[in-house]
file model.pdb (PDB, C-alpha atoms)
ATOM      1  CA  MET A   1      -8.331  -5.030   4.693
ATOM      2  CA  THR A   2      -9.167  -4.483   1.072
ATOM      3  CA  SER A   3     -12.597  -3.145   0.266
ATOM      4  CA  GLU A   4     -14.624  -1.372  -2.373
ATOM      5  CA  ALA A   5     -13.886   2.321  -2.824
ATOM      6  CA  PRO A   6     -15.400   4.308   0.044
ATOM      7  CA  SER A   7     -18.803   5.933  -0.591
ATOM      8  CA  VAL A   8     -17.784   8.997   1.422
ATOM      9  CA  ARG A   9     -14.906  11.314   0.630
ATOM     10  CA  PRO A  10     -11.646   9.763   1.823
ATOM     11  CA  ARG A  11     -10.004  11.792   4.589
ATOM     12  CA  VAL A  12      -6.390  12.444   3.638
ATOM     13  CA  MET A  13      -3.413  13.892   5.498
ATOM     14  CA  LEU A  14      -0.372  15.129   3.589
ATOM     15  CA  VAL A  15       3.167  14.994   4.972
ATOM     16  CA  ASP A  16       6.005  16.811   3.220
ATOM     17  CA  ASP A  17       8.572  19.403   4.235
ATOM     18  CA  HIS A  18       8.213  21.386   0.991
ATOM     19  CA  PRO A  19       5.388  23.963   1.383
ATOM     20  CA  MET A  20       4.857  24.447  -2.369
ATOM     21  CA  TRP A  21       4.501  20.704  -2.934
ATOM     22  CA  LEU A  22       2.074  20.416  -0.022
ATOM     23  CA  GLU A  23      -0.090  23.261  -1.283
ATOM     24  CA  ALA A  24      -0.144  22.003  -4.868
ATOM     25  CA  LEU A  25      -1.019  18.446  -3.861
ATOM     26  CA  GLU A  26      -3.688  19.662  -1.452
ATOM     27  CA  GLU A  27      -5.294  21.713  -4.218
ATOM     28  CA  ASP A  28      -5.244  18.774  -6.645
ATOM     29  CA  LEU A  29      -6.731  16.357  -4.102
ATOM     30  CA  VAL A  30      -9.512  18.729  -3.026
ATOM     31  CA  GLU A  31     -10.366  19.360  -6.672
ATOM     32  CA  ALA A  32     -10.510  15.577  -7.196
ATOM     33  CA  GLY A  33     -12.994  15.152  -4.348
ATOM     34  CA  PHE A  34     -10.806  14.208  -1.380
ATOM     35  CA  ALA A  35     -11.132  15.757   2.056
ATOM     36  CA  VAL A  36      -7.696  16.967   3.126
ATOM     37  CA  VAL A  37      -7.899  17.065   6.925
ATOM     38  CA  ALA A  38      -4.320  17.958   7.879
ATOM     39  CA  LEU A  39      -0.936  19.039   6.574
ATOM     40  CA  ALA A  40       2.365  18.222   8.291
ATOM     41  CA  ARG A  41       5.919  19.311   7.527
ATOM     42  CA  THR A  42       7.820  17.357  10.198
ATOM     43  CA  GLY A  43       7.659  13.935  11.775
ATOM     44  CA  THR A  44       6.486  15.434  15.061
ATOM     45  CA  GLU A  45       3.638  17.255  13.306
ATOM     46  CA  CYS A  46       2.806  14.096  11.382
ATOM     47  CA  LEU A  47       2.315  12.021  14.523
ATOM     48  CA  SER A  48       0.345  14.675  16.418
ATOM     49  CA  HIS A  49      -1.905  15.639  13.484
ATOM     50  CA  ALA A  50      -2.575  12.002  12.543
ATOM     51  CA  ARG A  51      -3.640  11.197  16.087
ATOM     52  CA  ALA A  52      -5.859  14.278  16.272
ATOM     53  CA  THR A  53      -7.581  13.986  12.891
ATOM     54  CA  ARG A  54      -7.488  10.192  12.290
ATOM     55  CA  PRO A  55      -7.288  10.306   8.481
ATOM     56  CA  ASP A  56      -8.110   7.334   6.261
ATOM     57  CA  VAL A  57      -5.000   7.864   4.136
ATOM     58  CA  ILE A  58      -1.645   9.496   4.799
ATOM     59  CA  VAL A  59       0.421  10.576   1.805
ATOM     60  CA  MET A  60       3.893  10.381   3.297
ATOM     61  CA  ASP A  61       7.219  11.787   2.164
ATOM     62  CA  LEU A  62      10.201   9.885   3.561
ATOM     63  CA  ASN A  63      12.689  12.716   3.848
ATOM     64  CA  ILE A  64      11.138  14.892   6.563
ATOM     65  CA  PRO A  65      12.618  16.307   9.784
ATOM     66  CA  ALA A  66      12.841  13.643  12.485
ATOM     67  CA  PRO A  67      11.183  11.336  13.074
ATOM     68  CA  GLY A  68      11.432  10.458   9.400
ATOM     69  CA  GLY A  69       8.726   9.087   7.157
ATOM     70  CA  VAL A  70       9.631   5.441   7.723
ATOM     71  CA  GLU A  71       9.588   5.802  11.505
ATOM     72  CA  CYS A  72       6.302   7.738  11.408
ATOM     73  CA  THR A  73       4.746   5.083   9.200
ATOM     74  CA  GLN A  74       5.832   2.283  11.522
ATOM     75  CA  THR A  75       4.578   4.121  14.611
ATOM     76  CA  LEU A  76       1.183   5.027  13.159
ATOM     77  CA  MET A  77       0.598   1.596  11.621
ATOM     78  CA  GLY A  78       1.299   0.081  15.026
ATOM     79  CA  GLU A  79      -1.378   2.299  16.529
ATOM     80  CA  ARG A  80      -3.919   1.972  13.696
ATOM     81  CA  PRO A  81      -3.405  -1.104  11.501
ATOM     82  CA  GLU A  82      -6.368  -0.085   9.332
ATOM     83  CA  LEU A  83      -4.609   3.142   8.295
ATOM     84  CA  GLN A  84      -3.544   3.398   4.653
ATOM     85  CA  VAL A  85      -0.120   4.971   4.074
ATOM     86  CA  LEU A  86       1.016   5.889   0.570
ATOM     87  CA  VAL A  87       4.637   6.944   0.277
ATOM     88  CA  MET A  88       5.126   9.619  -2.365
ATOM     89  CA  SER A  89       8.837  10.209  -2.679
ATOM     90  CA  ALA A  90      11.457  11.635  -5.012
ATOM     91  CA  SER A  91      13.597   8.556  -4.305
ATOM     92  CA  GLY A  92      13.229   5.257  -6.125
ATOM     93  CA  GLU A  93      16.182   3.675  -4.340
ATOM     94  CA  ARG A  94      15.725   0.003  -3.414
ATOM     95  CA  ASP A  95      16.440   0.511   0.289
ATOM     96  CA  ASP A  96      13.978   3.401   0.576
ATOM     97  CA  VAL A  97      11.211   1.378  -1.076
ATOM     98  CA  LEU A  98      11.819  -1.721   1.021
ATOM     99  CA  ASP A  99      12.128   0.223   4.281
ATOM    100  CA  ALA A 100       8.792   1.914   3.591
ATOM    101  CA  ILE A 101       7.030  -1.363   2.825
ATOM    102  CA  LYS A 102       8.501  -3.096   5.850
ATOM    103  CA  ALA A 103       7.238  -0.181   7.977
ATOM    104  CA  GLY A 104       3.720  -0.859   6.741
ATOM    105  CA  ALA A 105       3.199   1.458   3.758
ATOM    106  CA  LYS A 106       0.527   0.143   1.394
ATOM    107  CA  GLY A 107       2.095   1.700  -1.671
ATOM    108  CA  TYR A 108       4.982   3.699  -3.067
ATOM    109  CA  VAL A 109       4.946   6.114  -5.976
ATOM    110  CA  LEU A 110       7.457   8.629  -7.253
ATOM    111  CA  LYS A 111       6.830  12.365  -7.237
ATOM    112  CA  SER A 112       7.862  12.396 -10.884
ATOM    113  CA  ALA A 113       4.650  10.529 -11.777
ATOM    114  CA  SER A 114       1.947  12.417 -13.660
ATOM    115  CA  LYS A 115      -0.799  14.263 -11.813
ATOM    116  CA  ALA A 116      -3.336  11.683 -13.007
ATOM    117  CA  ASP A 117      -1.181   8.806 -11.750
ATOM    118  CA  LEU A 118      -0.625  10.472  -8.368
ATOM    119  CA  LEU A 119      -4.354  11.060  -7.867
ATOM    120  CA  ASP A 120      -5.111   7.511  -8.976
ATOM    121  CA  ALA A 121      -2.565   6.191  -6.473
ATOM    122  CA  VAL A 122      -4.252   8.063  -3.611
ATOM    123  CA  ARG A 123      -7.671   6.888  -4.760
ATOM    124  CA  ARG A 124      -6.580   3.256  -4.959
ATOM    125  CA  THR A 125      -4.832   3.443  -1.597
ATOM    126  CA  ALA A 126      -8.029   4.803  -0.043
ATOM    127  CA  ALA A 127      -9.837   1.765  -1.485
ATOM    128  CA  GLY A 128      -7.378  -0.571   0.251
ATOM    129  CA  GLU A 129      -5.244  -1.550  -2.721
ATOM    130  CA  ALA A 130      -1.488  -1.958  -2.674
ATOM    131  CA  VAL A 131      -0.199   0.599  -5.152
ATOM    132  CA  PHE A 132       3.118   0.540  -6.993
ATOM    133  CA  THR A 133       4.329   1.696 -10.343
ATOM    134  CA  PRO A 134       5.354  -1.315 -12.469
ATOM    135  CA  ALA A 135       9.062  -0.601 -11.978
ATOM    136  CA  LEU A 136       8.761  -0.309  -8.202
ATOM    137  CA  ALA A 137       6.514  -3.360  -7.988
ATOM    138  CA  GLY A 138       9.146  -5.358  -9.847
ATOM    139  CA  LEU A 139      11.813  -4.088  -7.490
ATOM    140  CA  VAL A 140       9.870  -5.067  -4.381
ATOM    141  CA  LEU A 141       8.812  -8.489  -5.638
ATOM    142  CA  GLY A 142      12.275  -9.196  -6.965
ATOM    143  CA  GLU A 143      13.818  -8.388  -3.604
ATOM    144  CA  TYR A 144      11.479 -10.695  -1.728
ATOM    145  CA  ARG A 145      12.145 -13.413  -4.282
ATOM    146  CA  ARG A 146      15.867 -13.007  -3.637
ATOM    147  CA  LEU A 147      15.336 -13.206   0.111
ATOM    148  CA  ALA A 148      13.153 -16.297  -0.200
ATOM    149  CA  THR A 149      15.173 -18.629  -2.416
ATOM    150  CA  ALA A 150      14.207 -21.595  -0.249
ATOM    151  CA  LYS A 151      11.303 -22.441   2.019
ATOM    152  CA  GLU A 152      11.937 -22.309   5.710
ATOM    153  CA  ARG A 153      12.365 -25.844   6.945
ATOM    154  CA  GLY A 154       9.637 -27.061   9.248
ATOM    155  CA  GLU A 155       7.295 -24.194   8.430
ATOM    156  CA  THR A 156       3.599 -25.071   8.479
ATOM    157  CA  VAL A 157       1.992 -23.917   5.236
ATOM    158  CA  PRO A 158      -1.786 -23.304   5.289
ATOM    159  CA  GLU A 159      -3.748 -25.372   2.792
ATOM    160  CA  LEU A 160      -5.298 -23.321   0.005
ATOM    161  CA  SER A 161      -7.865 -24.364  -2.587
ATOM    162  CA  ALA A 162      -6.906 -24.474  -6.270
ATOM    163  CA  ARG A 163      -8.819 -21.245  -6.954
ATOM    164  CA  GLU A 164      -7.321 -19.512  -3.935
ATOM    165  CA  THR A 165      -3.860 -20.469  -5.166
ATOM    166  CA  GLU A 166      -4.686 -19.176  -8.638
ATOM    167  CA  VAL A 167      -5.886 -15.856  -7.236
ATOM    168  CA  LEU A 168      -2.789 -15.675  -5.052
ATOM    169  CA  ARG A 169      -0.522 -16.060  -8.088
ATOM    170  CA  LEU A 170      -2.312 -13.195  -9.813
ATOM    171  CA  VAL A 171      -2.096 -11.003  -6.724
ATOM    172  CA  ALA A 172       1.661 -11.588  -6.724
ATOM    173  CA  THR A 173       1.875 -10.149 -10.253
ATOM    174  CA  GLY A 174       0.386  -6.856  -9.060
ATOM    175  CA  LEU A 175      -2.972  -7.124 -10.826
ATOM    176  CA  SER A 176      -5.918  -5.289  -9.294
ATOM    177  CA  TYR A 177      -8.943  -7.239  -8.102
ATOM    178  CA  ARG A 178     -10.956  -6.042 -11.087
ATOM    179  CA  GLN A 179      -8.237  -7.163 -13.496
ATOM    180  CA  ILE A 180      -8.133 -10.555 -11.791
ATOM    181  CA  ALA A 181     -11.930 -10.798 -12.005
ATOM    182  CA  ASP A 182     -11.825 -10.069 -15.742
ATOM    183  CA  ARG A 183      -9.097 -12.653 -16.308
ATOM    184  CA  LEU A 184     -10.935 -15.376 -14.367
ATOM    185  CA  VAL A 185     -14.379 -14.357 -15.693
ATOM    186  CA  VAL A 186     -15.813 -13.975 -12.211
ATOM    187  CA  SER A 187     -17.201 -11.050 -10.247
ATOM    188  CA  HIS A 188     -15.061  -8.520  -8.403
ATOM    189  CA  ARG A 189     -16.802  -9.647  -5.196
ATOM    190  CA  THR A 190     -15.815 -13.276  -5.820
ATOM    191  CA  VAL A 191     -12.165 -12.283  -6.111
ATOM    192  CA  GLN A 192     -12.451 -10.264  -2.906
ATOM    193  CA  ASN A 193     -13.958 -13.261  -1.122
ATOM    194  CA  HIS A 194     -11.114 -15.528  -2.253
ATOM    195  CA  VAL A 195      -8.552 -12.977  -1.099
ATOM    196  CA  GLN A 196     -10.256 -12.579   2.267
ATOM    197  CA  ASN A 197     -10.305 -16.368   2.692
ATOM    198  CA  VAL A 198      -6.584 -16.502   2.001
ATOM    199  CA  LEU A 199      -5.922 -13.599   4.364
ATOM    200  CA  ARG A 200      -7.832 -15.367   7.115
ATOM    201  CA  LYS A 201      -5.984 -18.640   6.562
ATOM    202  CA  LEU A 202      -2.593 -16.992   6.432
ATOM    203  CA  GLU A 203      -3.330 -14.441   9.151
ATOM    204  CA  LEU A 204      -2.094 -11.734   6.810
ATOM    205  CA  HIS A 205      -3.650  -8.310   6.583
ATOM    206  CA  ASN A 206      -3.100  -6.715   3.196
ATOM    207  CA  ARG A 207      -2.161  -7.353  -0.414
ATOM    208  CA  VAL A 208       1.481  -6.478   0.201
ATOM    209  CA  GLU A 209       1.768  -9.241   2.820
ATOM    210  CA  LEU A 210      -0.177 -11.564   0.520
ATOM    211  CA  ALA A 211       2.270 -10.943  -2.317
ATOM    212  CA  ARG A 212       5.167 -11.626   0.048
ATOM    213  CA  TYR A 213       3.646 -15.008   0.950
ATOM    214  CA  ALA A 214       3.118 -15.874  -2.715
ATOM    215  CA  ILE A 215       6.746 -15.077  -3.525
ATOM    216  CA  LYS A 216       7.978 -17.013  -0.502
ATOM    217  CA  GLN A 217       6.018 -20.110  -1.491
ATOM    218  CA  GLY A 218       7.060 -19.880  -5.146
ATOM    219  CA  LEU A 219       3.514 -19.256  -6.348
ATOM    220  CA  ASP A 220       4.534 -16.521  -8.801
ATOM    221  CA  GLU A 221       6.423 -18.920 -11.035
TER     222      GLU A 221
END

call {"tool": "encode", "arguments": {"input": "model.pdb", "output": "structure tokens"}}
result
Amino acid sequence: MTSEAPSVRPRVMLVDDHPMWLEALEEDLVEAGFAVVALARTGTECLSHARATRPDVIVMDLNIPAPGGVECTQTLMGERPELQVLVMSASGERDDVLDAIKAGAKGYVLKSASKADLLDAVRRTAAGEAVFTPALAGLVLGEYRRLATAKERGETVPELSARETEVLRLVATGLSYRQIADRLVVSHRTVQNHVQNVLRKLELHNRVELARYAIKQGLDE
């Protein structure tokens, strides 16, 4: 569920099999005000540490000793749907991105991003936002558009208000709630309320799923 940025320090766990990367990212996050509660280098460590420390956010590399990052994400999201997983990977390959999102990751950024962008991605993930670089967002949305060239026959589509539909279109473009609020000249809270109404009607649970629905129903056109 999307919410305002937490008032307490977000509790973060880092998962990567490269010790130098782990240490550098931990240092940057602590300096930026995050509470790093665990480090994991393998899938087995990831699952055990996540269950023991119950972080708010997991920064997950995909290419770790088995079980891999995708499998760990799927397992942990099944146990704790409120968990926020941000994949931070060296790979921008389409299949890697889509596998991570299908497993439940709330965002995907490349390790080649700047330090400021990486920290911003963790911060936004902790606040419940779906986070993608523009290129990766286009890749994900384009793939779901390709997979949804026609509506499923006989599918019951929930009825949305005109404003809910408008907000849904903007969500599908990847805009943040604050950007949507500025565009519609309404408060950030009003946008959140519209999104929550849509989520309740559609029985969807995050902005990634919401964007998928918008693409499927052709609302991004």

call {"tool": "closest_residue", "arguments": {"input": "model.pdb", "among": "A:Arg169, A:Arg178, A:Val131, A:Gly104", "to": "Asp117 of chain A", "atoms": "only C-alpha atoms"}}
result
A:Val131

call {"tool": "residues_around", "arguments": {"input": "model.pdb", "residues": "Leu118 of chain A", "least_positions_apart": "6", "cutoff": "10 Å", "atoms": "only C-alpha atoms", "output": "list in words"}}
result
Leu25, Asp28, Leu29, Met88, Val109, Leu110, Lys111, Ser112 and Arg124 of chain A

call {"tool": "atom_distance", "arguments": {"input": "model.pdb", "atom1": "atom CA of Ala40 of chain A", "atom2": "atom CA of Asp17 of chain A"}}
result
7.5 Å

call {"tool": "residues_near_point", "arguments": {"input": "model.pdb", "point": "(0.1, 20.9, -4.5)", "cutoff": "12 Å", "atoms": "only C-alpha atoms", "output": "list in words"}}
result
Leu14, Val15, Asp16, His18, Pro19, Met20, Trp21, Leu22, Glu23, Ala24, Leu25, Glu26, Glu27, Asp28, Leu29, Val30, Glu31, Val36, Leu39, Lys111, Lys115, Leu118 and Leu119 of chain A

call {"tool": "write_last_selection", "arguments": {"input": "model.pdb", "atoms": "C-alpha atoms", "output": "mmCIF file, in the coordinates of the input"}}
result
data_model
loop_
_atom_site.group_PDB
_atom_site.id
_atom_site.type_symbol
_atom_site.label_atom_id
_atom_site.label_comp_id
_atom_site.auth_asym_id
_atom_site.auth_seq_id
_atom_site.Cartn_x
_atom_site.Cartn_y
_atom_site.Cartn_z
ATOM 1 C CA LEU A 14 -0.372 15.129 3.589
ATOM 2 C CA VAL A 15 3.167 14.994 4.972
ATOM 3 C CA ASP A 16 6.005 16.811 3.220
ATOM 4 C CA HIS A 18 8.213 21.386 0.991
ATOM 5 C CA PRO A 19 5.388 23.963 1.383
ATOM 6 C CA MET A 20 4.857 24.447 -2.369
ATOM 7 C CA TRP A 21 4.501 20.704 -2.934
ATOM 8 C CA LEU A 22 2.074 20.416 -0.022
ATOM 9 C CA GLU A 23 -0.090 23.261 -1.283
ATOM 10 C CA ALA A 24 -0.144 22.003 -4.868
ATOM 11 C CA LEU A 25 -1.019 18.446 -3.861
ATOM 12 C CA GLU A 26 -3.688 19.662 -1.452
ATOM 13 C CA GLU A 27 -5.294 21.713 -4.218
ATOM 14 C CA ASP A 28 -5.244 18.774 -6.645
ATOM 15 C CA LEU A 29 -6.731 16.357 -4.102
ATOM 16 C CA VAL A 30 -9.512 18.729 -3.026
ATOM 17 C CA GLU A 31 -10.366 19.360 -6.672
ATOM 18 C CA VAL A 36 -7.696 16.967 3.126
ATOM 19 C CA LEU A 39 -0.936 19.039 6.574
ATOM 20 C CA LYS A 111 6.830 12.365 -7.237
ATOM 21 C CA LYS A 115 -0.799 14.263 -11.813
ATOM 22 C CA LEU A 118 -0.625 10.472 -8.368
ATOM 23 C CA LEU A 119 -4.354 11.060 -7.867
#

call {"tool": "residues_around", "arguments": {"input": "model.pdb", "residues": "segment 76-83 of chain A", "least_positions_apart": "6", "cutoff": "10 Å", "atoms": "all atoms listed in the file", "output": "list in words"}}
result
Met1, Thr2, Cys46, Leu47, Ala50, Arg51, Arg54, Pro55, Asp56, Val57, Ile58, Ala103, Gly104, Ala105, Lys106, Thr125, Ala126, Gly128, His205 and Asn206 of chain A

call {"tool": "atom_distance", "arguments": {"input": "model.pdb", "atom1": "atom CA of Val195 of chain A", "atom2": "atom CA of Ala181 of chain A"}}
result
11.6 Å

call {"tool": "closest_residue", "arguments": {"input": "model.pdb", "among": "A:Ser91, A:Ser114, A:Gln192, A:Ser161", "to": "Ser176 of chain A", "atoms": "all atoms listed in the file"}}
result
A:Gln192

call {"tool": "closest_residue", "arguments": {"input": "model.pdb", "among": "A:Asn197, A:Phe34, A:Thr44, A:Leu184", "to": "Glu166 of chain A", "atoms": "all atoms listed in the file"}}
result
A:Leu184
